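Visitor: Next comes the structure file structure_8.tsv, holding TSV, C-alpha atoms.
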```
chain	number	residue	atom	x	y	z
A	1	MET	CA	-7.67	-11.47	-81.57
A	2	SER	CA	-4.65	-13.80	-81.45
A	3	LEU	CA	-1.14	-12.94	-80.40
A	4	SER	CA	0.16	-13.52	-83.87
A	5	GLN	CA	-2.04	-10.75	-85.26
A	6	GLY	CA	-0.71	-8.14	-82.87
A	7	ILE	CA	-2.69	-5.98	-80.46
A	8	PRO	CA	-2.57	-2.21	-80.19
A	9	LEU	CA	-1.41	-0.91	-76.83
A	10	SER	CA	-4.76	0.86	-76.47
A	11	ASN	CA	-6.50	-2.52	-76.29
A	12	ILE	CA	-4.70	-3.53	-73.09
A	13	SER	CA	-6.62	-3.07	-69.89
A	14	ALA	CA	-5.66	-0.10	-67.73
A	15	ASP	CA	-3.93	-2.29	-65.13
A	16	GLN	CA	-1.89	-4.13	-67.75
A	17	SER	CA	-0.91	-1.08	-69.82
A	18	ARG	CA	0.43	0.71	-66.74
A	19	TRP	CA	4.19	0.34	-66.39
A	20	ASN	CA	5.02	-1.89	-63.42
A	21	ARG	CA	7.90	-3.55	-61.56
A	22	HIS	CA	7.75	-6.65	-63.77
A	23	ASP	CA	8.32	-4.47	-66.85
A	24	THR	CA	11.17	-2.57	-65.21
A	25	SER	CA	12.89	-5.82	-64.20
A	26	TRP	CA	12.82	-7.15	-67.77
A	27	MET	CA	13.95	-3.81	-69.20
A	28	LEU	CA	16.99	-3.93	-66.92
A	29	SER	CA	17.63	-7.57	-67.81
A	30	LEU	CA	17.66	-6.79	-71.54
A	31	PHE	CA	19.86	-3.74	-70.92
A	32	GLY	CA	22.31	-5.86	-68.93
A	33	THR	CA	22.39	-8.54	-71.63
A	34	ALA	CA	23.29	-5.94	-74.27
A	35	VAL	CA	25.93	-4.05	-72.28
A	36	GLY	CA	28.78	-6.54	-72.09
A	37	ALA	CA	32.53	-6.06	-71.99
A	38	GLY	CA	32.40	-4.97	-75.64
A	39	ILE	CA	31.22	-1.53	-74.57
A	40	LEU	CA	34.79	-0.84	-73.42
A	41	PHE	CA	35.98	-1.24	-77.03
A	42	LEU	CA	32.95	0.34	-78.74
A	43	PRO	CA	34.15	3.99	-78.64
A	44	ILE	CA	37.43	2.96	-80.29
A	45	ASN	CA	35.90	0.63	-82.87
A	46	ILE	CA	33.31	3.18	-84.01
A	47	GLY	CA	35.15	6.45	-83.26
A	48	ALA	CA	38.33	5.50	-85.12
A	49	GLY	CA	36.43	5.78	-88.41
A	50	GLY	CA	35.94	9.52	-87.97
A	51	PHE	CA	33.39	11.86	-86.42
A	52	TRP	CA	30.76	11.90	-89.19
A	53	PRO	CA	30.47	8.09	-89.47
A	54	LEU	CA	30.06	8.08	-85.68
A	55	VAL	CA	27.21	10.62	-85.90
A	56	ILE	CA	25.45	8.72	-88.70
A	57	MET	CA	25.74	5.36	-86.88
A	58	ALA	CA	24.46	7.02	-83.70
A	59	LEU	CA	21.34	8.13	-85.61
A	60	LEU	CA	20.86	4.64	-87.04
A	61	ALA	CA	21.56	2.76	-83.79
A	62	GLY	CA	18.16	3.48	-82.22
A	63	PRO	CA	15.95	2.27	-85.09
A	64	MET	CA	18.26	-0.70	-85.73
A	65	THR	CA	18.12	-1.81	-82.10
A	66	PHE	CA	14.39	-1.40	-81.54
A	67	PHE	CA	13.07	-2.63	-84.91
A	68	ALA	CA	15.35	-5.68	-85.00
A	69	HIS	CA	14.55	-6.94	-81.51
A	70	ARG	CA	10.87	-6.14	-81.96
A	71	GLY	CA	10.89	-8.24	-85.14
A	72	LEU	CA	12.47	-11.20	-83.34
A	73	ALA	CA	9.96	-10.92	-80.47
A	74	ARG	CA	7.07	-10.79	-82.94
A	75	PHE	CA	8.44	-13.90	-84.62
A	76	VAL	CA	8.60	-15.83	-81.32
A	77	LEU	CA	5.08	-14.71	-80.37
A	78	SER	CA	3.67	-15.65	-83.80
A	79	SER	CA	3.53	-19.33	-82.80
A	80	SER	CA	0.18	-21.05	-82.37
A	81	GLN	CA	1.64	-22.82	-79.31
A	82	SER	CA	1.20	-20.91	-76.06
A	83	ASN	CA	4.46	-22.20	-74.52
A	84	ALA	CA	6.65	-22.19	-77.65
A	85	ASP	CA	10.30	-21.16	-77.44
A	86	PHE	CA	12.57	-20.23	-80.35
A	87	THR	CA	13.26	-23.85	-81.36
A	88	ASN	CA	9.54	-24.64	-81.46
A	89	VAL	CA	8.72	-21.55	-83.51
A	90	VAL	CA	11.32	-22.14	-86.23
A	91	GLU	CA	10.21	-25.76	-86.64
A	92	GLU	CA	6.57	-24.69	-86.83
A	93	HIS	CA	7.20	-22.07	-89.49
A	94	PHE	CA	10.15	-23.47	-91.48
A	95	GLY	CA	9.64	-27.23	-91.12
A	96	VAL	CA	11.41	-29.79	-88.94
A	97	SER	CA	14.67	-30.13	-90.90
A	98	THR	CA	15.26	-26.43	-91.60
A	99	GLY	CA	13.99	-25.52	-88.15
A	100	ARG	CA	16.51	-27.77	-86.42
A	101	ILE	CA	19.37	-26.39	-88.50
A	102	ILE	CA	18.37	-22.84	-87.52
A	103	SER	CA	18.03	-23.92	-83.86
A	104	VAL	CA	21.53	-25.44	-83.85
A	105	LEU	CA	22.97	-22.29	-85.45
A	106	TYR	CA	21.10	-20.15	-82.91
A	107	PHE	CA	22.67	-22.10	-80.04
A	108	LEU	CA	26.10	-21.90	-81.66
A	109	SER	CA	25.74	-18.12	-82.02
A	110	ILE	CA	25.22	-17.72	-78.26
A	111	PHE	CA	27.32	-20.45	-76.67
A	112	PRO	CA	30.79	-19.30	-77.86
A	113	ILE	CA	30.05	-15.82	-76.48
A	114	LEU	CA	29.19	-17.47	-73.15
A	115	LEU	CA	32.59	-19.20	-73.20
A	116	ILE	CA	34.28	-15.87	-73.91
A	117	TYR	CA	32.50	-14.24	-70.96
A	118	GLY	CA	33.55	-17.15	-68.72
A	119	VAL	CA	37.18	-16.49	-69.65
A	120	GLY	CA	36.75	-12.70	-69.37
A	121	LEU	CA	35.12	-12.94	-65.94
A	122	THR	CA	37.98	-15.08	-64.60
A	123	ASN	CA	40.66	-12.81	-66.08
A	124	THR	CA	39.00	-9.66	-64.73
A	125	VAL	CA	38.70	-10.96	-61.16
A	126	ASP	CA	42.21	-12.45	-61.23
A	127	SER	CA	43.63	-9.13	-62.44
A	128	PHE	CA	41.74	-7.24	-59.71
A	129	ILE	CA	43.08	-9.56	-57.00
A	130	VAL	CA	46.67	-9.18	-58.21
A	131	ASN	CA	46.79	-5.50	-59.24
A	132	GLN	CA	44.24	-3.76	-57.01
A	133	LEU	CA	44.36	-5.93	-53.87
A	134	GLY	CA	48.09	-6.72	-54.13
A	135	MET	CA	47.54	-10.42	-53.47
A	136	SER	CA	49.03	-13.41	-55.27
A	137	SER	CA	47.08	-14.94	-58.14
A	138	PRO	CA	44.69	-17.65	-56.87
A	139	SER	CA	44.33	-21.10	-58.42
A	140	ARG	CA	42.68	-20.54	-61.80
A	141	ILE	CA	40.80	-23.83	-61.51
A	142	VAL	CA	39.26	-22.86	-58.16
A	143	LEU	CA	38.61	-19.19	-59.05
A	144	SER	CA	36.94	-19.94	-62.38
A	145	GLY	CA	34.90	-22.77	-60.86
A	146	ILE	CA	33.55	-20.52	-58.10
A	147	LEU	CA	32.71	-17.68	-60.51
A	148	VAL	CA	30.99	-19.85	-63.12
A	149	LEU	CA	29.10	-21.83	-60.46
A	150	GLY	CA	27.98	-18.57	-58.84
A	151	MET	CA	26.64	-17.17	-62.12
A	152	ILE	CA	24.83	-20.40	-63.00
A	153	SER	CA	23.37	-20.66	-59.47
A	154	VAL	CA	21.66	-17.32	-60.03
A	155	MET	CA	19.97	-18.70	-63.15
A	156	MET	CA	18.90	-21.90	-61.38
A	157	ALA	CA	17.33	-19.93	-58.54
A	158	GLY	CA	14.39	-18.97	-60.76
A	159	GLU	CA	13.09	-16.03	-62.77
A	160	LYS	CA	12.34	-13.78	-59.79
A	161	ILE	CA	15.83	-14.16	-58.32
A	162	MET	CA	17.41	-13.69	-61.75
A	163	LEU	CA	15.50	-10.45	-62.36
A	164	LYS	CA	16.40	-9.21	-58.87
A	165	VAL	CA	20.10	-9.86	-59.49
A	166	PHE	CA	19.85	-7.98	-62.79
A	167	GLU	CA	18.40	-5.00	-60.91
A	168	ILE	CA	21.28	-5.11	-58.40
A	169	ILE	CA	23.86	-5.31	-61.20
A	170	VAL	CA	22.45	-2.96	-63.83
A	171	TYR	CA	21.69	0.10	-61.69
A	172	PRO	CA	25.36	0.54	-60.66
A	173	LEU	CA	26.43	-0.13	-64.25
A	174	ALA	CA	24.18	2.61	-65.64
A	175	PHE	CA	25.21	4.99	-62.84
A	176	ILE	CA	28.94	4.39	-63.40
A	177	LEU	CA	28.62	4.79	-67.18
A	178	ALA	CA	26.80	8.10	-66.75
A	179	GLY	CA	29.24	9.26	-64.07
A	180	LEU	CA	32.30	8.42	-66.15
A	181	SER	CA	30.78	10.13	-69.21
A	182	LEU	CA	30.22	13.30	-67.17
A	183	TYR	CA	33.72	13.05	-65.67
A	184	LEU	CA	35.21	13.25	-69.18
A	185	VAL	CA	33.16	16.30	-70.26
A	186	PRO	CA	35.81	18.91	-69.18
A	187	SER	CA	38.35	17.18	-71.45
A	188	TRP	CA	36.11	17.32	-74.55
A	189	ARG	CA	37.62	18.91	-77.63
A	190	LEU	CA	36.01	20.00	-80.88
A	191	PRO	CA	35.93	17.10	-83.35
A	192	GLU	CA	38.05	17.30	-86.45
A	193	MET	CA	35.66	18.14	-89.28
A	194	SER	CA	36.43	18.49	-92.94
A	195	ASN	CA	34.50	20.52	-95.47
A	196	THR	CA	35.16	17.88	-98.12
A	197	PHE	CA	33.72	14.40	-98.08
A	198	ASP	CA	35.04	11.30	-99.72
A	199	ILE	CA	31.71	9.55	-100.36
A	200	GLY	CA	33.40	6.26	-101.17
A	201	GLN	CA	35.47	6.22	-98.00
A	202	LEU	CA	32.51	7.37	-95.89
A	203	SER	CA	30.30	4.61	-97.35
A	204	THR	CA	32.93	1.93	-96.71
A	205	THR	CA	33.47	3.12	-93.13
A	206	LEU	CA	29.73	3.09	-92.44
A	207	TRP	CA	29.33	-0.34	-94.04
A	208	LEU	CA	32.07	-1.87	-91.88
A	209	ALA	CA	30.71	-0.12	-88.76
A	210	ILE	CA	27.26	-1.72	-89.06
A	211	PRO	CA	28.28	-5.11	-87.53
A	212	VAL	CA	29.96	-3.32	-84.61
A	213	THR	CA	26.76	-1.38	-83.94
A	214	VAL	CA	24.59	-4.49	-84.30
A	215	PHE	CA	26.52	-6.49	-81.72
A	216	ALA	CA	27.13	-3.59	-79.34
A	217	PHE	CA	23.39	-3.22	-78.73
A	218	SER	CA	22.31	-6.84	-79.26
A	219	HIS	CA	20.22	-8.54	-76.57
A	220	ALA	CA	18.92	-11.19	-78.98
A	221	ALA	CA	20.06	-14.03	-76.68
A	222	ALA	CA	17.37	-13.12	-74.14
A	223	ILE	CA	14.50	-12.25	-76.51
A	224	SER	CA	12.94	-15.72	-76.73
A	225	SER	CA	12.86	-16.14	-72.94
A	226	PHE	CA	11.68	-12.54	-72.57
A	227	ALA	CA	8.81	-13.03	-75.04
A	228	GLY	CA	7.80	-16.28	-73.33
A	229	ALA	CA	7.80	-14.57	-69.92
A	230	GLN	CA	5.51	-11.80	-71.20
A	231	ARG	CA	3.14	-14.40	-72.69
A	232	ARG	CA	2.95	-16.16	-69.30
A	233	HIS	CA	2.47	-12.86	-67.47
A	234	TYR	CA	0.13	-11.00	-69.85
A	235	GLY	CA	-1.50	-13.81	-71.85
A	236	ASP	CA	-3.12	-12.54	-75.06
A	237	LYS	CA	-1.87	-9.01	-74.34
A	238	ALA	CA	1.82	-10.03	-74.45
A	239	LEU	CA	2.68	-8.59	-77.89
A	240	PRO	CA	2.06	-4.89	-77.22
A	241	LYS	CA	3.72	-5.24	-73.82
A	242	THR	CA	6.89	-6.73	-75.35
A	243	GLU	CA	7.02	-3.80	-77.78
A	244	GLN	CA	6.55	-1.29	-74.96
A	245	ILE	CA	9.36	-2.85	-72.89
A	246	LEU	CA	11.66	-3.17	-75.91
A	247	LYS	CA	11.10	0.47	-76.81
A	248	ARG	CA	12.12	1.66	-73.35
A	249	THR	CA	15.08	-0.74	-73.33
A	250	SER	CA	16.28	0.73	-76.63
A	251	VAL	CA	15.93	4.30	-75.32
A	252	MET	CA	17.89	3.38	-72.19
A	253	LEU	CA	20.61	1.65	-74.21
A	254	ILE	CA	20.98	4.46	-76.72
A	255	SER	CA	21.00	7.16	-74.01
A	256	PHE	CA	23.61	5.64	-71.72
A	257	VAL	CA	25.84	3.88	-74.25
A	258	LEU	CA	25.98	6.64	-76.87
A	259	PHE	CA	26.65	9.29	-74.22
A	260	PHE	CA	29.55	7.13	-73.04
A	261	VAL	CA	30.79	6.61	-76.61
A	262	PHE	CA	30.64	10.30	-77.56
A	263	SER	CA	32.22	11.38	-74.27
A	264	CYS	CA	35.15	9.01	-74.81
A	265	VAL	CA	35.59	9.92	-78.48
A	266	LEU	CA	35.45	13.68	-77.83
A	267	SER	CA	38.13	13.23	-75.16
A	268	LEU	CA	40.58	11.74	-77.65
A	269	SER	CA	41.99	12.84	-80.99
A	270	SER	CA	41.59	10.73	-84.13
A	271	GLU	CA	45.29	9.80	-83.89
A	272	GLN	CA	44.82	8.60	-80.32
A	273	LEU	CA	41.77	6.55	-81.30
A	274	LEU	CA	43.73	4.88	-84.10
A	275	GLU	CA	46.62	4.23	-81.70
A	276	ALA	CA	44.25	2.64	-79.18
A	277	LYS	CA	42.79	0.48	-81.94
A	278	MET	CA	46.25	-0.65	-82.98
A	279	GLN	CA	47.11	-1.49	-79.36
A	280	ASN	CA	43.82	-3.43	-79.01
A	281	VAL	CA	43.19	-2.08	-75.51
A	282	SER	CA	39.91	-0.99	-73.94
A	283	VAL	CA	39.00	2.68	-73.97
A	284	LEU	CA	39.33	2.86	-70.17
A	285	SER	CA	42.87	1.51	-70.29
A	286	TYR	CA	43.84	4.04	-72.93
A	287	LEU	CA	42.09	6.95	-71.16
A	288	ALA	CA	43.81	6.06	-67.89
A	289	ASN	CA	47.20	6.28	-69.61
A	290	VAL	CA	46.38	9.53	-71.43
A	291	HIS	CA	44.82	11.34	-68.46
A	292	ASP	CA	47.00	9.67	-65.80
A	293	SER	CA	43.81	9.16	-63.80
A	294	GLN	CA	43.68	6.73	-60.88
A	295	PHE	CA	39.90	7.27	-60.85
A	296	ILE	CA	39.57	5.70	-64.31
A	297	VAL	CA	42.08	2.98	-63.43
A	298	ALA	CA	40.02	2.04	-60.38
A	299	LEU	CA	36.72	2.05	-62.30
A	300	GLY	CA	38.01	-0.16	-65.12
A	301	PRO	CA	37.88	-3.54	-63.34
A	302	LEU	CA	34.54	-2.68	-61.70
A	303	ILE	CA	32.86	-1.77	-64.99
A	304	ALA	CA	34.32	-4.84	-66.70
A	305	PHE	CA	33.15	-7.15	-63.90
A	306	ILE	CA	29.60	-5.76	-63.80
A	307	ALA	CA	29.26	-5.65	-67.59
A	308	ILE	CA	30.56	-9.20	-68.10
A	309	SER	CA	28.41	-10.57	-65.25
A	310	SER	CA	25.18	-9.02	-66.55
A	311	SER	CA	25.83	-10.08	-70.13
A	312	PHE	CA	26.83	-13.59	-68.98
A	313	LEU	CA	23.46	-14.02	-67.26
A	314	GLY	CA	21.52	-12.84	-70.31
A	315	HIS	CA	23.42	-15.09	-72.72
A	316	PHE	CA	23.16	-18.07	-70.37
A	317	LEU	CA	19.38	-17.53	-70.41
A	318	GLY	CA	19.32	-17.87	-74.19
A	319	ALA	CA	21.81	-20.75	-74.35
A	320	ARG	CA	19.93	-22.72	-71.69
A	321	GLU	CA	16.59	-22.34	-73.45
A	322	SER	CA	17.92	-23.20	-76.91
A	323	LEU	CA	19.88	-26.24	-75.65
A	324	ASN	CA	16.82	-27.53	-73.80
A	325	GLY	CA	14.79	-27.10	-76.99
A	326	LEU	CA	17.34	-29.11	-78.98
A	327	LEU	CA	17.63	-31.88	-76.36
A	328	GLN	CA	13.86	-32.11	-76.17
A	329	LYS	CA	13.75	-33.12	-79.83
A	330	GLN	CA	16.54	-35.71	-79.50
A	331	THR	CA	16.03	-37.38	-76.10
A	332	ARG	CA	13.26	-38.86	-73.97
A	333	PHE	CA	14.36	-37.29	-70.70
A	334	SER	CA	11.85	-35.42	-68.56
A	335	ASP	CA	11.99	-31.63	-68.81
A	336	LYS	CA	13.59	-31.36	-65.35
A	337	ASN	CA	16.29	-33.96	-66.03
A	338	MET	CA	16.93	-32.49	-69.46
A	339	ASP	CA	17.43	-29.03	-67.95
A	340	ARG	CA	19.86	-30.43	-65.37
A	341	LEU	CA	21.79	-32.28	-68.07
A	342	GLY	CA	22.08	-29.11	-70.16
A	343	ILE	CA	23.23	-27.02	-67.19
A	344	ILE	CA	25.89	-29.58	-66.22
A	345	PHE	CA	27.13	-29.68	-69.83
A	346	MET	CA	27.37	-25.90	-70.07
A	347	PHE	CA	29.00	-25.56	-66.64
A	348	PHE	CA	31.86	-27.91	-67.51
A	349	CYS	CA	32.32	-26.34	-70.96
A	350	ILE	CA	32.46	-22.79	-69.58
A	351	TRP	CA	34.65	-23.85	-66.65
A	352	GLY	CA	37.01	-25.72	-68.97
A	353	ALA	CA	37.32	-22.72	-71.28
A	354	ALA	CA	37.93	-20.40	-68.31
A	355	VAL	CA	40.71	-22.67	-67.02
A	356	LEU	CA	42.39	-23.17	-70.40
A	357	ASN	CA	42.08	-19.49	-71.39
A	358	PRO	CA	42.55	-20.24	-75.12
A	359	SER	CA	43.13	-17.42	-77.61
A	360	ILE	CA	40.97	-19.25	-80.17
A	361	LEU	CA	37.88	-17.92	-78.40
A	362	GLY	CA	38.32	-14.68	-80.33
A	363	MET	CA	37.70	-16.61	-83.52
A	364	MET	CA	34.53	-18.08	-82.02
A	365	GLU	CA	33.17	-14.56	-81.63
A	366	VAL	CA	33.79	-13.98	-85.33
A	367	PHE	CA	31.90	-17.20	-86.06
A	368	SER	CA	28.97	-16.07	-83.91
A	369	GLY	CA	28.73	-12.70	-85.63
A	370	PRO	CA	27.19	-13.65	-88.99
A	371	ILE	CA	24.71	-16.03	-87.33
A	372	ILE	CA	23.51	-13.37	-84.88
A	373	ALA	CA	23.01	-10.92	-87.75
A	374	MET	CA	21.09	-13.53	-89.75
A	375	ILE	CA	18.84	-14.57	-86.84
A	376	LEU	CA	18.24	-11.09	-85.41
A	377	PHE	CA	17.92	-9.07	-88.64
A	378	VAL	CA	17.34	-11.31	-91.66
A	379	MET	CA	15.33	-14.37	-90.56
A	380	PRO	CA	12.45	-12.54	-88.80
A	381	MET	CA	12.03	-10.27	-91.84
A	382	VAL	CA	12.04	-13.25	-94.22
A	383	ALA	CA	9.41	-14.83	-91.94
A	384	VAL	CA	7.19	-11.78	-92.45
A	385	TYR	CA	6.83	-12.81	-96.13
A	386	LYS	CA	6.53	-16.52	-95.37
A	387	ILE	CA	4.21	-16.64	-92.35
A	388	GLU	CA	0.56	-15.73	-92.68
A	389	ALA	CA	0.40	-14.55	-89.05
A	390	LEU	CA	3.00	-11.85	-89.77
A	391	LYS	CA	1.68	-10.64	-93.13
A	392	ARG	CA	0.39	-7.36	-91.64
A	393	TYR	CA	4.03	-6.19	-91.37
A	394	ARG	CA	4.97	-6.85	-95.01
A	395	ARG	CA	4.80	-3.30	-96.29
A	396	HIS	CA	6.16	-1.60	-93.19
A	397	PHE	CA	9.23	0.59	-93.54
A	398	SER	CA	10.86	-1.17	-90.56
A	399	THR	CA	10.72	-4.52	-92.38
A	400	TYR	CA	12.69	-3.23	-95.39
A	401	PHE	CA	15.04	-1.22	-93.16
A	402	ILE	CA	16.02	-4.14	-90.90
A	403	LEU	CA	16.31	-6.60	-93.79
A	404	GLY	CA	18.64	-4.20	-95.61
A	405	MET	CA	20.73	-3.53	-92.50
A	406	GLY	CA	20.96	-7.25	-91.81
A	407	LEU	CA	22.24	-8.02	-95.29
A	408	LEU	CA	24.76	-5.19	-95.03
A	409	ALA	CA	25.95	-6.48	-91.64
A	410	VAL	CA	26.42	-10.04	-92.91
A	411	SER	CA	28.22	-8.86	-96.06
A	412	ALA	CA	30.53	-6.62	-94.01
A	413	ILE	CA	31.43	-9.50	-91.66
A	414	VAL	CA	32.13	-11.81	-94.61
A	415	PHE	CA	34.22	-9.06	-96.24
A	416	ASN	CA	36.31	-8.67	-93.07
A	417	LEU	CA	36.86	-12.43	-92.86
A	418	VAL	CA	37.92	-12.69	-96.50
```
Do you think you could lay out the structure here as structure tokens?
Guide:
Amino acid sequence: MSLSQGIPLSNISADQSRWNRHDTSWMLSLFGTAVGAGILFLPINIGAGGFWPLVIMALLAGPMTFFAHRGLARFVLSSSQSNADFTNVVEEHFGVSTGRIISVLYFLSIFPILLIYGVGLTNTVDSFIVNQLGMSSPSRIVLSGILVLGMISVMMAGEKIMLKVFEIIVYPLAFILAGLSLYLVPSWRLPEMSNTFDIGQLSTTLWLAIPVTVFAFSHAAAISSFAGAQRRHYGDKALPKTEQILKRTSVMLISFVLFFVFSCVLSLSSEQLLEAKMQNVSVLSYLANVHDSQFIVALGPLIAFIAISSSFLGHFLGARESLNGLLQKQTRFSDKNMDRLGIIFMFFCIWGAAVLNPSILGMMEVFSGPIIAMILFVMPMVAVYKIEALKRYRRHFSTYFILGMGLLAVSAIVFNLV
């Protein structure tokens, strides 16, 4: 049975089906890729719409996260080529011209976010040095260069080192998120509930909250590399293993992130959430002001640094692979030289953005949004009806569900832009 046909978990040998350290490392890597600095704004962005939209989106978040990323992994593994990455798969299934357009858009959906994280990482460390350590602000050129070079060096050290660093980063992140969520429990208050519902307003709020939920839990940037790693590690048994790892990643994400979101939202009134949204500050900054807590003030920079670092590594993984795939089609360089060229290009771009600190990077994130929704939610589901290898998923509920959610996410983003 081929990879593209899918293999039940029961068909994996006992040794391969048993959860192991390799699986844990990738689960943590995907978790770290998803949990970026945006988690600090997630409680405000979702909670400001009211308690019931928050509850409904919380119920939808799990299926949306798992089904969407499973669909993208299935798409990558549907290739007849054993070493195919995302760029190879889209060209194989959609033709050379369309495939290259999708590949370019895929790279452009990841790379601006990488620039944003380069800026965010520099700003976070600079703020910590000035405000927490009481030192003068260092040279931005030197600080950003050291930070970006350090992050990229981790990726160049190889897959084993990268996964080890993810383990070191993600465990404290999960522990701090859980600890902070528990710390806020005594300040919980009953949510403001109304016996009457405005269906129109509720529907609009839910519609506009879908993109926020999509991107808050997205680890699409790492899925192609993740799927390829499972194919190298498990061979023909890679598909069920990717689904097993993705399922546990989704459970971990939903458990930690939603507990954090609900704990923050229940600690604030609807008026406070709206005020925080108007001020455009992170939930930790607002909570620190409301509770006058030095504990939260001290945790803020640490959470931001860990979250940005882990998400930077995951997005660099996707950007590096997609850029190499594009260069491979356009140049005659060897794979090693091509990889070096791509890394040098990305280093100077990220470093330059971190030094310049331009406000236009916020607009780049808006540009990335619709493309991520299209590639993560819409394209893999369209491929189910186009590709013979994926036809077994055509009448599955998850296919219709993710396609519908993807179209709603794209339409909501376009609506917000217009």
Visitor: Taking all atoms listed in the file into account, name the residue in A:Leu313, A:Val410, A:Ile116, A:Met379 that is nearest to His219 (chain A).
Guide: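 For His219 (chain A), the nearest of the given residues is A:Leu313.
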Visitor: Given the choices A:Gly36, A:Ala84, A:Trp207, A:Ala73, which gets closest to Pro240 (chain A) if the distance is worked out from only C-alpha atoms?
Guide: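 For Pro240 (chain A), the nearest of the given residues is A:Ala73.
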Visitor: Considering only C-alpha atoms, state which residue in the set A:Ala354, A:Val214, A:Ile110, A:Leu284 is at the smallest distance from Gly62 (chain A).
Guide: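 Closest residue, counting only C-alpha atoms: A:Val214.
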Visitor: Report, as lines of an AutoDock Vina configuration file, the axis-aligned box around all atoms of region 101-113 of chain A present in the file, extended by 3 Å on each side; give centre and edge lengths in Å to one decimal place.
Guide:
```
center_x = 24.4
center_y = -21.1
center_z = -82.5
size_x = 18.8
size_y = 16.6
size_z = 18.0
```
Visitor: Measuring between all atoms listed in the file, which one of A:Phe111, A:Phe128, A:Phe215, A:Phe262 shows the shortest distance to Trp188 (chain A)?
Guide: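 Comparing A:Phe111, A:Phe128, A:Phe215, A:Phe262 against Trp188 (chain A), the winner is A:Phe262.
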Visitor: Could you pull out every residue with an atom within 9 Å of (36.9, 8.2, -80.0), file coordinates, counting only C-alpha atoms, and send them as a PDB file with C-alpha atoms, in the coordinates of the input?
Guide:
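Output (out09.pdb):
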```pdb
ATOM      1  CA  LEU A  42      32.950   0.340 -78.740  1.00  0.00           C
ATOM      2  CA  PRO A  43      34.150   3.990 -78.640  1.00  0.00           C
ATOM      3  CA  ILE A  44      37.430   2.960 -80.290  1.00  0.00           C
ATOM      4  CA  ASN A  45      35.900   0.630 -82.870  1.00  0.00           C
ATOM      5  CA  ILE A  46      33.310   3.180 -84.010  1.00  0.00           C
ATOM      6  CA  GLY A  47      35.150   6.450 -83.260  1.00  0.00           C
ATOM      7  CA  ALA A  48      38.330   5.500 -85.120  1.00  0.00           C
ATOM      8  CA  GLY A  49      36.430   5.780 -88.410  1.00  0.00           C
ATOM      9  CA  GLY A  50      35.940   9.520 -87.970  1.00  0.00           C
ATOM     10  CA  PHE A  51      33.390  11.860 -86.420  1.00  0.00           C
ATOM     11  CA  LEU A  54      30.060   8.080 -85.680  1.00  0.00           C
ATOM     12  CA  VAL A 261      30.790   6.610 -76.610  1.00  0.00           C
ATOM     13  CA  PHE A 262      30.640  10.300 -77.560  1.00  0.00           C
ATOM     14  CA  SER A 263      32.220  11.380 -74.270  1.00  0.00           C
ATOM     15  CA  CYS A 264      35.150   9.010 -74.810  1.00  0.00           C
ATOM     16  CA  VAL A 265      35.590   9.920 -78.480  1.00  0.00           C
ATOM     17  CA  LEU A 266      35.450  13.680 -77.830  1.00  0.00           C
ATOM     18  CA  SER A 267      38.130  13.230 -75.160  1.00  0.00           C
ATOM     19  CA  LEU A 268      40.580  11.740 -77.650  1.00  0.00           C
ATOM     20  CA  SER A 269      41.990  12.840 -80.990  1.00  0.00           C
ATOM     21  CA  SER A 270      41.590  10.730 -84.130  1.00  0.00           C
ATOM     22  CA  GLN A 272      44.820   8.600 -80.320  1.00  0.00           C
ATOM     23  CA  LEU A 273      41.770   6.550 -81.300  1.00  0.00           C
ATOM     24  CA  LEU A 274      43.730   4.880 -84.100  1.00  0.00           C
ATOM     25  CA  VAL A 283      39.000   2.680 -73.970  1.00  0.00           C
TER      26      VAL A 283
END
```
Visitor: From the set A:Gly134, A:Pro186, A:Pro191, A:Gly99, which residue has the shortest atom-to-atom contact distance to Leu326 (chain A), counting all atoms listed in the file?
Guide: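 Nearest to Leu326 (chain A): A:Gly99.
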Visitor: I'd like the contact shell of region 163-176 of chain A - 9 Å cut-off, all atoms listed in the file, skipping same-chain residues fewer than 4 positions apart - returned as a list in words.
Guide: His22, Thr24, Ser25, Trp26, Leu28, Ser29, Phe31, Gly32, Val35, Val154, Gly158, Glu159, Leu180, Ser181, Phe256, Val257, Leu299, Leu302, Ile303, Ile306, Ala307, Ser309, Ser310 and Leu313 of chain A
Visitor: When you count only C-alpha atoms, which of these residues is closest to Tyr385 (chain A): A:Thr213, A:Ser136, A:Gln328, A:Phe75?
Guide: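 Nearest to Tyr385 (chain A): A:Phe75.
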